[in-house]
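Here the structure is laid out as C-alpha cells; the discussion comes afterwards.
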Amino acid sequence: MNGSPIASGAPASPPSPEPPVVATEHLVVRSRERVILNDVSLAFPDRDVTAIIGPSGCGKTTFIRTLNRMTEIGSGLMVRGRVLYRGQDIYARGVNPVIVRQRIGMVFQRPVVFPMSIFENVAFGLRINRVDEATVERTVESCLRRAGLWTEIGDDLDRSGLTLSGGQQQRLCIARALAVEPRVLLMDEPTASLDPVAAQKVESLLFELRQNYAVIIVTHNLQQAARVATRTAFLYEGRMIEFDETKRLFESPREKLTENYVTGRFG
Amino acid sequence: MTAALATDAAAVDDLVRASAGHMRRRLLLDRVARYGLLLPFVVVFFPLIDLLYWISETALPTFTWATLTQDQIGNGGGLHAMIIGTAVLIALATTIATLIGIAAGLYTAEYAPPAIARLGRTAGNVLAGVPAIVLGFWGYFLLVIYTGWGYTVLGGALTLSILMVPFIYRTSDLAFSAVPASQREAALAMGARRYQFLGRIALPIAIPGILTGVILAMAIGLGETAPLIYTAGWANVPLTGLFSPTSYLTGAIWLFYSQPPDIGLYALAFQAAFVLIVMVVAINVTLQAVAEHYRRRLRGLFS
Amino acid sequence: MREVPEGQPIPPAGPAPAPPAVPFSASRTPLVQWLLSPIALIPLLLVAFVAIFLLWKSQLVWFGPSFFGINYFFDPTGLQPNQFGVTLFVVDSLIVALPALAIAAGLSLAMAVSIVVYLPPMPGRVLTILTNLLAGIPSVVYGIWGYVVLAPYFGSTVQPAIFGFLGWIPGLGGPLSPGGVGSLLAIFILIFMIVPITTAVMRESLRSVPHDLVEAGLALGATQWEVMRRIRLRVARRGLWGAAFLGLGRAIGESVAVAMVIGASVWIPPNVYAPSTTLASFIFYQLDSSFYYPVLLQALIEFSLVLLGLAVLLNLIGQRASGLGTTVVVTGGNGP
Ligand SMILES: Nc1ncnc2c1ncn2[C@@H]1O[C@H](COP(=O)(O)OP(=O)(O)OP(=O)(O)O)[C@@H](O)[C@H]1O
Ligand SMILES: [Mg+2]
C-alpha cells in the first residue's frame, strides 16, 4: 500500500505466563482464486484476552474461523499448516470437528438467535449432550447471569429469543456459547452491531471471562482492543505483521505498517 | 515458541479420546444418519431402474431415426407429430402456469392478508388433488363445447396449465417466504420501494426455488394424458396452428399400449415413453443449470 | 410476527422474522398489488370454478336417487341399481392414499435431508434429476408396469413376505390377493408418483434455512444431525408440511395408474392386499359409460365434488394437526 516491506517469517510471540492453549503454525488458508491467510503463526495464552486487529478484508474472520474448523462448512476454503489446541493438531486425522467446537466456542459478528425461547437458546448445547433437567436450569441461569442478562430478562425466559434487542441478543449468544463450557472463546467483532451502552456491557463481561477462558477477540475498535486485551496481533493482507503486548503494540510498534494502522493513517 | 509446545496427553484425551460415552453415541448417530439416509434412494431408484429397463427393452430395438421424423401411418411410422404436439403443448402450458404460479406465489407470500393467504394455499393444495380426468372433463365442456373451438392445442394447453399451476404456485410461495428478513430490511432501509425490493432482491433469491417448481410441474405436465384426451383431440399430422387438434406422446402410449405386441404400434407406445423420459431429463439438466447459476450467488445466505 | 418494542433499536439481521407485511408502504405502491391480486387469486378461482362447474353439471339433483340418499353415504354393499354409496369409495381412497402419502413423505424427508445436508453437490444434483424423472413418467406407464411387471411379483413374493413379517398388524392379515392386484400395489405405485413432489418441495424448504442458523448450531458443537433435528426441521416446518399437502393431492387424485393396478372391487376391503376402488379410479372406470347413463354421469360428478370436499377436509385437518395456524413464522413471509 505505502510500499513498506511486509515482515516475513514468524515473529516472536511475547512471553506469556502460561503455555498457549491455542496456537497456529504456518497457517495458510486459500480460496480457489487466491491466498487469504499467508503463513500465520500465533500463540494464544490461557485465561487471557487476545485481540486481533487489522483493516477490513485482511482475513481476521477467516483466521478465527479456522481455529474451530468453521471454515469447513461450505466455504470452499483450503487450510494448510497446523492449528494446535493444547498441543494437539485439531485438523489431524481422528479429531472430530464436533469435539473441537465444544472446546472452542464462537460468537459471531451478528447475533444469531435460534427461533426458540430464551431458555431453550441457552440450553441448546446442554440438550444435545443430554444433561439432566436440574443441571440445565442451573446452567442456564448461571450463564445468563455471567452474560449480564439475568437481571434484565431472568423472569421472562419463555419469551422468544427473537424478541430481544440487538444487544440482548448478542449477550444471549455469549451465554449460549458459555453453556457448552468451552476452554476457548472466539469472538468476531462482538460489539460491532451494538450501541455504546450494550458494547460496554459486553466489554465488562470480557473482564470476567478472562478469569476462566482464553478469549480471542476480533475488533475494529482500537480503543476496545487497548481496553480489553493483554496482547494484540495485527494482521495485514493475510499476513501476521506484529504480535505483542497491547500497550507495546500501540505505543511503540516495531513495524511501520503497524504504526500507520494504529495511528489511523490507513485502514 | 509453538514448536516447543509438547502435545500433552490431556489434550489428546480432550480431543481424540473424548469421543467416549454420550459423545460417541452422538457422533455415531450422525454417521448413521449420513449413510442410513441413503437407503431411501436405493428403495426408490432400484424400481425406477427396473422401470427404465423395461421401457428401453421394448422401445430401443426398433428405435430408428425414422421414429423421430415420420408421422404415424397405419400400424407403424414414427412419433414426429406427437413430439411436436407435446413440445408445443408443454411450452404453452408452462408459460401460462409459470406466469400465474409466480404471481400468485408472490402475492400470497408478500401481499395477501393472512386469511387470504391461508385460503390461497389450501386452494393450491386442493387443486393439486383434482383428478386429471376431472380436469379433462371440465376442459371438454368449457374449452371444447362451450367455446365452440372443438379439439384444439390451445384448449389442451390451457387444461394442462391448470394441472401445473399448483406446483409452481406453492413452490414460489415458499421461495418468496424464505427470503431473509435481513435482506428486506437492508433494501427498505436504503429507501427502496417494495416492488423494487421484490424485483431486484427477492426475485433473484427466490429463483432457484421457483425453478424447482417449474421443473416439477413440467415433468408432471409432460406425463399427463387425461387432461388432453378430451381437449386436444388427436391428429396424425403435425399441428398447423393453435386451433388445430394435435397428437401428443402420452396419447400414443395411451392408445397403443393395448395393441398386440407384435404390431409396430405397441413398440411405438414404449418409444413414446422413452422419448418423454429423454425430454424430462433434458429439461431437468437445463433448468437445473440455470437454478445452480442463481444458487451460487446465494452461498452463505442459505444452507 | 415480531413486535419491536418502542424505542428499541431494530434488531439487526439474522434470522429475524419478517416485519408485518401489510402496513409498510402499502399505500404508496398500490399498483403492483393491484396488478397482482387478480392473477394471484387464480388458484382459488380455479378451484371455485371447477366446483361450480361440477355443481352445475350435476344438474343439482340433490335429492335424486344418487345424492344425499341415505344409501348414498351408508350403503355398505356398494352399487345397487341407480345407487352409488360414496362412503365406501371414500374409505377405499383413504386406505390407499394415507399410507402412500406417509411412506412417500418419510422417504422424501430422508432423501431431502441427505441431499441438502450430507451429500456433496454433484451426486446431489444427479439424484435430484432422478427424483424429478419419477414425476415425468406417464401415469399410464406406471399403470402398465404395475400391472404387467409388478403384480405377479407382488402376488408371489411381496404379499406373502409382508404377511409373514407383519401379518399380526390389523389390516395386514390375510387373505392374500393371488394375482397381486389390490390396494398394496396401488400404494406402491402411488409412492413413486408422490415422491418427486414431496422431495422437491422438502429439498427447497430445507435448503432455504438461513446459513447463519446452521453455522451457529455447528459452532456450539452440535452434529449435522442435531442441527437438522433441532434447527432445520423447526425452521423449515411450514415448507415440509406444505410438501406433504401437495403430495396429498396426488395421493387422492391419481386415477389412471391406480385404476390399472387396484383391481376394481367395490367393497370395503378386509386388508391392504385385497382389490378395491378409489374415488378417482372409479371415476376413471366409469367415465366412458357415463356418457350413456345420465344418472351415472351425475353420480360421477358428485363423486368429483366429494373428492374436492375430501381434499379440503384433509387439508383443514392437516393444518390443525400440524399446528401451522398458531405458531410464529420464523424465516419471513407472512401468515401460516
Ligand atoms: N469463502 C470464501 N471464499 C472466497 N473468498 C473468501 C471467503 N471468505 C473470505 N474470503 C475473502 O478473504 C478475505 C478475508 O475475509 P475476512 O472475512 O476474513 O476479512 P475480515 O478481516 O474479517 O474483514 P472485516 O474486518 O471486514 O470483517 C476477503 O477478501 C474475502 O473476500
Ligand atoms: Mg470479519
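Here, A, B, ... name the chains of the C-alpha cells in the order displayed, residue numbers run from 1 inside each chain, and ligands are numbered from 1 in the same displayed order.
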Considering only C-alpha atoms, return as a list in words whatever protein or nucleic-acid residues lie within 9 Å of Thr69 of chain B, sequence-local ones (same chain, fewer than 2 positions apart) excluded.
-> Trp65, Ala66, Thr67, Asp71, Gly77, Gly78, Leu79, His80 and Ala81 of chain B
At most 10 Å from ligand 2 (only C-alpha atoms and all ligand atoms): residue list as a ChimeraX atom specification = /A:54-65,108-109,188-189,218-220
Identify which of the residues C:Asp288, C:Asp92, C:Asp212, C:Glu302 lies closest to chain B, counting only C-alpha atoms when measuring atom-to-atom distances.
->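 Of C:Asp288, C:Asp92, C:Asp212, C:Glu302, the one nearest chain B is C:Asp212, counting only C-alpha atoms.
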What are the residues of chain A that have an atom within 6 Å of an atom of chain C, counting only C-alpha atoms, as a VMD selection string?
-> chain A and resid 98 101 to 102 112 165 to 166
Compile the contact shell of segment 116-122 of chain B as a short mmCIF file (atom, residue, chain, number, x, y, z; two decimals) with N, CA and C atoms, in the first residue's frame: residues with an atom at most 8 Å away, counting only C-alpha atoms, same-chain residues fewer than 4 positions apart removed.
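Result went into out.cif, see below:
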```cif
data_model
loop_
_atom_site.label_atom_id
_atom_site.label_comp_id
_atom_site.auth_asym_id
_atom_site.auth_seq_id
_atom_site.Cartn_x
_atom_site.Cartn_y
_atom_site.Cartn_z
N THR B 108 -49.25 -14.25 -2.47
CA THR B 108 -49.54 -14.96 -1.23
C THR B 108 -48.44 -14.73 -0.19
N ALA B 109 -47.20 -14.74 -0.63
CA ALA B 109 -46.10 -14.61 0.32
C ALA B 109 -45.92 -13.17 0.79
N ALA B 112 -50.72 -10.78 0.49
CA ALA B 112 -52.04 -11.22 0.94
C ALA B 112 -52.19 -11.12 2.46
N VAL B 126 -55.62 -28.16 -2.87
CA VAL B 126 -56.82 -28.86 -3.35
C VAL B 126 -56.75 -29.02 -4.87
N ARG B 170 -47.18 -23.15 -5.28
CA ARG B 170 -46.78 -23.45 -3.90
C ARG B 170 -45.27 -23.31 -3.71
N LEU C 41 -55.22 -14.60 -7.33
CA LEU C 41 -56.36 -15.34 -6.80
C LEU C 41 -56.78 -16.46 -7.75
N PRO C 43 -55.58 -19.51 -8.47
CA PRO C 43 -55.75 -20.86 -7.94
C PRO C 43 -57.07 -21.02 -7.18
N LEU C 44 -57.35 -19.98 -6.38
CA LEU C 44 -58.59 -20.00 -5.62
C LEU C 44 -59.79 -20.02 -6.56
N VAL C 312 -60.30 -30.78 0.68
CA VAL C 312 -60.40 -29.62 1.56
C VAL C 312 -60.36 -30.08 3.01
N ASN C 315 -57.00 -31.23 4.13
CA ASN C 315 -56.14 -30.06 4.29
C ASN C 315 -56.39 -29.36 5.61
N GLY C 335 -48.02 -14.88 7.78
CA GLY C 335 -49.15 -15.78 7.99
C GLY C 335 -48.73 -17.23 7.90
N PRO C 336 -49.60 -18.09 8.36
CA PRO C 336 -49.27 -19.51 8.38
C PRO C 336 -49.42 -20.15 7.00
#
```
Using only C-alpha atoms, select each residue of chain B with any atom at most 6 Å away from an atom of chain C, and give the selection as a ChimeraX atom specification.
-> /B:30,34,37,40,103-104,107,109,114,120,123-126,128-131,177-178,181-182,209,219-220,223-224,300-303
Those of segment 13-200 of chain B in DSSP strand (DSSP E or B), formatted as a PyMOL selection string | chain B and resi 72-73+76-77
Please, could you write that set of residues out with N, CA and C atoms as a compact mmCIF listing (two decimals), in the first residue's frame?
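And here's out.txt as it stands now:
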```txt
# COMPACT_ATOMS: atom_id res chain seq x y z
N GLN B 72 -47.09 -40.99 -37.74
CA GLN B 72 -47.62 -42.34 -37.60
C GLN B 72 -48.49 -42.67 -38.80
N ILE B 73 -48.22 -43.84 -39.42
CA ILE B 73 -49.03 -44.28 -40.57
C ILE B 73 -49.48 -45.70 -40.31
N GLY B 76 -47.69 -48.46 -38.19
CA GLY B 76 -46.28 -48.18 -37.93
C GLY B 76 -46.01 -46.70 -38.02
N GLY B 77 -44.83 -46.36 -38.54
CA GLY B 77 -44.46 -44.97 -38.64
C GLY B 77 -43.77 -44.50 -37.39
```
For ligand 1, which of A:Ser31, A:Thr163, A:Thr24, A:Gln223 is the closest residue, counting only C-alpha atoms and all ligand atoms?
-> A:Ser31
Using only C-alpha atoms, select each residue of chain A with any atom at most 10 Å away from an atom of chain B, and give the selection as a ChimeraX atom specification.
-> /A:10-15,19-25,41-44,73-75,84-90,92-103,128-130
For ligand 1, the nearest of the candidates A:Asp46, A:Glu237, A:Glu152, A:Glu203, counting only C-alpha atoms and all ligand atoms |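 With only C-alpha atoms and all ligand atoms as the atom set, the closest residue is A:Glu237.
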Using only C-alpha atoms and all ligand atoms, find the one residue out of A:Arg159, A:Arg110, A:Arg82, A:Arg30 that sits nearest to ligand 1.
->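 Checking each candidate against ligand 1, we get A:Arg30 as the closest.
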Residue contacts of Gly221 of chain B (9 Å, only C-alpha atoms) excluding same-chain residues fewer than 6 positions away, as a ChimeraX atom specification = /B:90,93-94,160-161,163-164 /C:135-136
Would you list, as a VMD selection string, the residues of segment 213-281 of chain B that end up in alpha helix (DSSP H) under DSSP run on this structure's backbone?
-> chain B and resid 213 to 223 226 to 229 249 to 256 264 to 281
With only C-alpha atoms and all ligand atoms as the atoms that count, which of A:Ala123, A:Leu235, A:Ile216, A:Leu249 lies nearest to ligand 1?
->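 Ranked by minimum distance to ligand 1, first place goes to A:Leu235.
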For Leu296 of chain C, which residue out of C:Ser58, C:Ala259, C:Arg237, C:Ile52 is the nearest one, using only C-alpha atoms?
->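 Counting only C-alpha atoms, the residue closest to Leu296 of chain C is C:Ser58.
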Please measure the separation of atom CA of Ala175 of chain B and atom CA of Ala291 of chain B, giving the value in Å to one decimal.
->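 So the answer is 12.6 Å.
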